[in-house]
file data25.cif (mmCIF, C-alpha atoms)
data_my_file
loop_
_atom_site.group_PDB
_atom_site.id
_atom_site.type_symbol
_atom_site.label_atom_id
_atom_site.label_comp_id
_atom_site.auth_asym_id
_atom_site.auth_seq_id
_atom_site.Cartn_x
_atom_site.Cartn_y
_atom_site.Cartn_z
ATOM 1 C CA MET A 1 -92.889 226.371 70.071
ATOM 2 C CA LYS A 2 -89.959 228.801 70.308
ATOM 3 C CA ILE A 3 -92.023 231.100 72.512
ATOM 4 C CA MET A 4 -92.855 228.225 74.842
ATOM 5 C CA LYS A 5 -89.174 227.253 75.081
ATOM 6 C CA LEU A 6 -88.165 230.809 75.908
ATOM 7 C CA MET A 7 -90.910 231.072 78.515
ATOM 8 C CA SER A 8 -89.624 227.853 80.110
ATOM 9 C CA LEU A 9 -86.114 229.284 80.024
ATOM 10 C CA SER A 10 -87.394 232.441 81.699
ATOM 11 C CA VAL A 11 -88.970 230.432 84.527
ATOM 12 C CA PHE A 12 -85.768 228.396 84.907
ATOM 13 C CA CYS A 13 -83.667 231.552 85.186
ATOM 14 C CA LEU A 14 -85.987 232.975 87.826
ATOM 15 C CA ILE A 15 -85.758 229.792 89.894
ATOM 16 C CA PHE A 16 -81.984 229.551 89.416
ATOM 17 C CA PHE A 17 -81.277 233.145 90.399
ATOM 18 C CA SER A 18 -83.708 232.999 93.311
ATOM 19 C CA ALA A 19 -81.930 229.915 94.674
ATOM 20 C CA ASN A 20 -78.565 231.641 94.349
ATOM 21 C CA LEU A 21 -79.877 234.704 96.153
ATOM 22 C CA MET A 22 -80.966 232.587 99.088
ATOM 23 C CA SER A 23 -77.968 230.238 99.395
ATOM 24 C CA LYS A 24 -74.766 231.332 101.106
ATOM 25 C CA THR A 25 -71.168 230.161 101.327
ATOM 26 C CA VAL A 26 -69.273 230.172 104.631
ATOM 27 C CA GLU A 27 -65.480 229.975 104.722
ATOM 28 C CA VAL A 28 -63.442 227.695 106.993
ATOM 29 C CA LYS A 29 -59.640 227.760 107.100
ATOM 30 C CA MET A 30 -57.476 224.658 107.381
ATOM 31 C CA LEU A 31 -54.511 225.651 109.539
ATOM 32 C CA ASN A 32 -51.364 224.268 111.119
ATOM 33 C CA LYS A 33 -51.987 226.605 114.058
ATOM 34 C CA ASP A 34 -54.768 229.045 114.969
ATOM 35 C CA SER A 35 -54.512 232.496 116.554
ATOM 36 C CA ASN A 36 -54.525 230.897 120.016
ATOM 37 C CA GLY A 37 -51.594 228.648 119.182
ATOM 38 C CA GLN A 38 -53.726 225.518 118.957
ATOM 39 C CA PRO A 39 -52.202 223.137 116.361
ATOM 40 C CA HIS A 40 -53.993 221.403 113.481
ATOM 41 C CA VAL A 41 -57.375 223.118 113.393
ATOM 42 C CA PHE A 42 -60.334 224.104 111.303
ATOM 43 C CA GLU A 43 -61.019 227.803 111.936
ATOM 44 C CA PRO A 44 -63.794 228.170 112.888
ATOM 45 C CA ALA A 45 -64.204 224.585 114.071
ATOM 46 C CA VAL A 46 -67.997 224.825 114.099
ATOM 47 C CA VAL A 47 -70.146 226.621 111.537
ATOM 48 C CA PHE A 48 -73.913 227.095 111.400
ATOM 49 C CA ILE A 49 -75.592 227.262 107.992
ATOM 50 C CA GLU A 50 -78.978 226.557 106.417
ATOM 51 C CA LYS A 51 -80.034 223.744 104.099
ATOM 52 C CA GLY A 52 -78.668 224.390 100.596
ATOM 53 C CA ASP A 53 -75.758 226.531 101.801
ATOM 54 C CA SER A 54 -72.124 225.634 101.130
ATOM 55 C CA VAL A 55 -68.884 225.701 103.080
ATOM 56 C CA LYS A 56 -65.621 226.617 101.381
ATOM 57 C CA PHE A 57 -62.692 224.946 103.106
ATOM 58 C CA ILE A 58 -59.564 226.981 102.384
ATOM 59 C CA SER A 59 -56.167 225.270 102.353
ATOM 60 C CA VAL A 60 -54.206 228.065 104.042
ATOM 61 C CA ASP A 61 -51.508 225.653 105.218
ATOM 62 C CA LYS A 62 -50.499 222.665 103.116
ATOM 63 C CA GLY A 63 -50.902 219.032 104.098
ATOM 64 C CA HIS A 64 -54.549 219.151 105.210
ATOM 65 C CA ASN A 65 -57.811 217.987 103.713
ATOM 66 C CA VAL A 66 -61.425 217.878 104.847
ATOM 67 C CA ALA A 67 -63.744 214.889 104.876
ATOM 68 C CA SER A 68 -66.944 213.687 106.450
ATOM 69 C CA MET A 69 -66.465 211.715 109.642
ATOM 70 C CA ASP A 70 -67.082 207.994 109.178
ATOM 71 C CA LYS A 71 -68.022 207.308 112.790
ATOM 72 C CA LYS A 72 -71.445 206.041 113.833
ATOM 73 C CA GLY A 73 -73.734 208.989 114.589
ATOM 74 C CA SER A 74 -71.377 211.582 113.102
ATOM 75 C CA ALA A 75 -73.847 212.698 110.404
ATOM 76 C CA PRO A 76 -77.615 212.752 109.743
ATOM 77 C CA ALA A 77 -79.202 209.715 108.102
ATOM 78 C CA GLY A 78 -78.825 209.623 104.333
ATOM 79 C CA VAL A 79 -75.579 211.595 104.122
ATOM 80 C CA LYS A 80 -72.998 210.184 101.704
ATOM 81 C CA LYS A 81 -69.304 210.153 102.589
ATOM 82 C CA TRP A 82 -67.147 212.803 100.934
ATOM 83 C CA LYS A 83 -63.584 214.107 101.079
ATOM 84 C CA SER A 84 -61.318 216.679 99.472
ATOM 85 C CA LYS A 85 -57.839 216.353 98.031
ATOM 86 C CA ILE A 86 -54.812 217.113 100.195
ATOM 87 C CA SER A 87 -53.682 220.773 100.132
ATOM 88 C CA LYS A 88 -56.630 221.845 97.929
ATOM 89 C CA ASP A 89 -59.503 224.245 98.573
ATOM 90 C CA HIS A 90 -62.851 222.502 98.609
ATOM 91 C CA ILE A 91 -66.472 223.641 98.416
ATOM 92 C CA GLN A 92 -69.064 221.329 99.935
ATOM 93 C CA LYS A 93 -72.808 221.907 99.649
ATOM 94 C CA PHE A 94 -75.044 220.624 102.453
ATOM 95 C CA ASP A 95 -78.601 219.585 101.561
ATOM 96 C CA ILE A 96 -79.484 217.459 104.602
ATOM 97 C CA GLU A 97 -80.293 219.146 107.909
ATOM 98 C CA GLY A 98 -78.527 218.196 111.106
ATOM 99 C CA ILE A 99 -75.005 218.082 112.552
ATOM 100 C CA HIS A 100 -72.279 216.911 110.149
ATOM 101 C CA GLY A 101 -68.950 215.894 111.694
ATOM 102 C CA ILE A 102 -65.832 216.818 109.701
ATOM 103 C CA LYS A 103 -62.190 215.797 109.956
ATOM 104 C CA CYS A 104 -58.788 216.235 108.400
ATOM 105 C CA LYS A 105 -57.919 212.641 107.573
ATOM 106 C CA PRO A 106 -54.115 213.004 108.081
ATOM 107 C CA HIS A 107 -54.524 214.906 111.369
ATOM 108 C CA MET A 108 -57.721 213.607 112.960
ATOM 109 C CA VAL A 109 -55.818 211.824 115.724
ATOM 110 C CA MET A 110 -54.058 215.149 116.394
ATOM 111 C CA GLY A 111 -57.414 216.796 117.033
ATOM 112 C CA MET A 112 -58.302 218.293 113.658
ATOM 113 C CA VAL A 113 -62.052 217.774 113.776
ATOM 114 C CA GLY A 114 -65.099 220.032 113.639
ATOM 115 C CA ALA A 115 -68.748 220.233 112.703
ATOM 116 C CA VAL A 116 -71.141 221.839 110.248
ATOM 117 C CA VAL A 117 -74.610 222.417 111.677
ATOM 118 C CA VAL A 118 -77.202 222.596 108.912
ATOM 119 C CA GLY A 119 -80.548 224.120 109.862
ATOM 120 C CA ASN A 120 -81.089 222.271 113.136
ATOM 121 C CA THR A 121 -79.543 219.894 115.667
ATOM 122 C CA HIS A 122 -82.058 217.031 115.487
ATOM 123 C CA ASN A 123 -79.268 214.405 115.649
ATOM 124 C CA ILE A 124 -77.473 215.942 118.651
ATOM 125 C CA GLU A 125 -78.030 212.851 120.808
ATOM 126 C CA ALA A 126 -76.387 210.496 118.300
ATOM 127 C CA PHE A 127 -73.640 213.011 117.516
ATOM 128 C CA SER A 128 -72.781 213.438 121.200
ATOM 129 C CA LYS A 129 -72.031 209.680 121.388
ATOM 130 C CA VAL A 130 -69.458 209.677 118.558
ATOM 131 C CA LYS A 131 -66.319 207.803 119.623
ATOM 132 C CA LEU A 132 -63.028 209.532 118.809
ATOM 133 C CA ILE A 133 -59.416 208.905 119.772
ATOM 134 C CA GLY A 134 -56.321 210.954 120.581
ATOM 135 C CA LYS A 135 -56.571 214.739 120.782
ATOM 136 C CA ALA A 136 -59.806 214.615 118.781
ATOM 137 C CA LYS A 137 -61.431 212.950 121.773
ATOM 138 C CA LYS A 138 -60.201 215.770 124.034
ATOM 139 C CA ARG A 139 -61.479 218.517 121.743
ATOM 140 C CA PHE A 140 -64.847 216.909 121.038
ATOM 141 C CA PRO A 141 -66.551 218.091 124.282
ATOM 142 C CA LYS A 142 -65.738 221.704 123.361
ATOM 143 C CA ILE A 143 -67.242 221.183 119.914
ATOM 144 C CA LEU A 144 -70.413 219.844 121.501
ATOM 145 C CA ALA A 145 -70.505 222.766 123.939
ATOM 146 C CA THR A 146 -70.139 225.229 121.057
ATOM 147 C CA ILE A 147 -73.034 223.614 119.180
ATOM 148 C CA LYS A 148 -75.308 223.607 122.216
ATOM 149 C CA SER A 149 -74.504 227.165 123.317
ATOM 150 C CA ASN A 150 -74.716 228.788 119.888
ATOM 151 C CA ALA A 151 -77.721 226.966 118.472
ATOM 152 C CA PRO A 152 -79.996 225.769 121.293
ATOM 153 C CA LYS A 153 -82.930 225.702 118.868
ATOM 154 C CA GLY A 154 -80.881 224.828 115.815
ATOM 155 C CA LYS A 155 -81.940 227.855 113.779
ATOM 156 C CA ALA A 156 -79.248 230.442 114.472
ATOM 157 C CA ARG A 157 -76.911 231.267 111.606
ATOM 158 C CA LYS A 158 -73.626 231.782 113.418
ATOM 159 C CA THR A 159 -70.018 230.681 113.169
ATOM 160 C CA ALA A 160 -67.833 229.910 116.129
ATOM 161 C CA SER A 161 -64.476 228.339 116.930
ATOM 162 C CA VAL A 162 -63.953 225.769 119.644
ATOM 163 C CA GLU A 163 -62.088 228.201 121.867
ATOM 164 C CA THR A 164 -63.862 231.499 121.211
ATOM 165 C CA SER A 165 -66.725 232.914 119.192
ATOM 166 C CA ALA A 166 -65.803 234.454 115.860
ATOM 167 C CA ALA A 167 -64.944 238.109 116.157
ATOM 168 C CA ALA A 168 -67.763 240.427 115.207
ATOM 169 C CA GLY A 169 -65.424 242.308 112.912
ATOM 170 C CA ASP A 170 -64.986 239.180 110.778
ATOM 171 C CA ALA A 171 -68.684 239.104 109.879
ATOM 172 C CA PRO A 172 -69.737 240.848 106.675
ATOM 173 C CA SER A 173 -71.232 244.273 107.262
ATOM 174 C CA VAL A 174 -74.874 245.038 106.543
ATOM 175 C CA GLU A 175 -73.743 247.427 103.816
ATOM 176 C CA ALA A 176 -71.659 244.711 102.136
ATOM 177 C CA SER A 177 -74.522 242.224 102.309
ATOM 178 C CA LEU A 178 -76.954 244.747 100.825
ATOM 179 C CA ALA A 179 -74.480 245.598 98.065
ATOM 180 C CA GLN A 180 -74.126 241.911 97.168
ATOM 181 C CA LEU A 181 -77.897 241.469 97.200
ATOM 182 C CA LYS A 182 -78.301 244.473 94.901
ATOM 183 C CA ASN A 183 -75.751 243.017 92.457
ATOM 184 C CA ASP A 184 -77.589 239.684 92.435
ATOM 185 C CA VAL A 185 -80.957 241.369 91.865
ATOM 186 C CA ASP A 186 -79.501 243.495 89.056
ATOM 187 C CA GLY A 187 -78.195 240.341 87.402
ATOM 188 C CA LEU A 188 -81.609 238.723 87.667
ATOM 189 C CA LYS A 189 -83.317 241.791 86.186
ATOM 190 C CA ALA A 190 -80.879 241.848 83.266
ATOM 191 C CA ALA A 191 -81.487 238.167 82.494
ATOM 192 C CA VAL A 192 -85.271 238.578 82.615
ATOM 193 C CA LYS A 193 -85.113 241.722 80.452
ATOM 194 C CA ASP A 194 -83.057 239.880 77.832
ATOM 195 C CA ILE A 195 -85.568 237.013 77.722
ATOM 196 C CA GLN A 196 -88.503 239.429 77.448
ATOM 197 C CA SER A 197 -86.784 241.165 74.541
ATOM 198 C CA LYS A 198 -86.377 237.865 72.686
ATOM 199 C CA LEU A 199 -90.031 236.976 73.335
ATOM 200 C CA GLU A 200 -91.175 240.312 71.907
ATOM 201 C CA LYS A 201 -89.098 239.800 68.767
ATOM 202 C CA LEU A 202 -90.582 236.335 68.221
ATOM 203 C CA GLU A 203 -94.122 237.581 68.727
ATOM 204 C CA ALA A 204 -93.510 240.390 66.220
ATOM 205 C CA LYS A 205 -92.666 237.877 63.481
#

call {"tool": "encode", "arguments": {"input": "data25.cif", "output": "structure tokens"}}
result
Amino acid sequence: MKIMKLMSLSVFCLIFFSANLMSKTVEVKMLNKDSNGQPHVFEPAVVFIEKGDSVKFISVDKGHNVASMDKKGSAPAGVKKWKSKISKDHIQKFDIEGIHGIKCKPHMVMGMVGAVVVGNTHNIEAFSKVKLIGKAKKRFPKILATIKSNAPKGKARKTASVETSAAAGDAPSVEASLAQLKNDVDGLKAAVKDIQSKLEKLEAK
């Protein structure tokens, strides 16, 4: 029985570590003003991730939060509403593909809106009809343009701001990505080795 439990644990660890190896976390800053002088922004305003990835919203400047838009067509079907606390970092995992509208609740009317594109843009038609007010309404066409120009087929993993594409220097280097992958694989090997050792000890009894 103990051997069976340990074997199940071994399988669980393999699945868990494999999922972690595949999922990624993208960072978005919540700012009073971006590098172009544009007030009340998410930077970048649009991010492209895959299903199961997460976005970490960083409270660089106080007074902001991040939440799902509650407008008709602003998210794929089946998505539940969510929001963060004011002036707090927040990590949000996205498990449903499509375009997810985001907002800063205190500053939405001032234009602090954006989008997270997960896997594909199947709901682009509904998203393009979202009704906003104030400066958010003025910025929305640029958000749509960014989505359409950076992910015409909905599969590109890119990040971009409303005004300009993210600088290439901000992207993690190949060397850094490989180093992180190696660390993750080493951790997986160590966990599997430990489980195998326990199995051998039980079988020896």

call {"tool": "resolve_selection", "arguments": {"input": "data25.cif", "expression": "the PyMOL selection byres ((chain A and resi 44-61) around 8)", "output": "PyMOL selection string"}}
result
chain A and resi 23-32+41-43+62-66+87-97+113-119+143+146-147+156-162+166

call {"tool": "atom_distance", "arguments": {"input": "data25.cif", "atom1": "atom CA of A:Lys137", "atom2": "atom CA of A:Ile124"}}
result
16.6 Å

call {"tool": "residues_around", "arguments": {"input": "data25.cif", "residues": "stretch 68-79 of chain A", "least_positions_apart": "5", "cutoff": "7 Å", "atoms": "only C-alpha atoms", "output": "list in words"}}
result
Gly98, Ile99, His100, Gly101, Ile102, Lys103, Asn123, Ala126, Phe127 and Val130 of chain A

call {"tool": "axis_aligned_box", "arguments": {"input": "data25.cif", "around": "stretch 88-100 of chain A", "padding_each_side": "5 Å", "output": "lines of an AutoDock Vina configuration file"}}
result
center_x = -68.5
center_y = 220.6
center_z = 105.2
size_x = 33.7
size_y = 17.3
size_z = 24.6

call {"tool": "closest_residue", "arguments": {"input": "data25.cif", "among": "A:Met112, A:Asn120, A:Ala145, A:Phe140", "to": "A:Asp34", "atoms": "all atoms listed in the file"}}
result
A:Met112

call {"tool": "atom_distance", "arguments": {"input": "data25.cif", "atom1": "atom CA of A:Lys138", "atom2": "atom CA of A:Lys33"}}
result
16.9 Å

call {"tool": "atom_distance", "arguments": {"input": "data25.cif", "atom1": "atom CA of A:Gly37", "atom2": "atom CA of A:Trp82"}}
result
28.7 Å

call {"tool": "resolve_selection", "arguments": {"input": "data25.cif", "expression": "the PyMOL selection byres ((chain A and resi 110) around 8)", "output": "PyMOL selection string"}}
result
chain A and resi 40+107-109+111-112+134-136
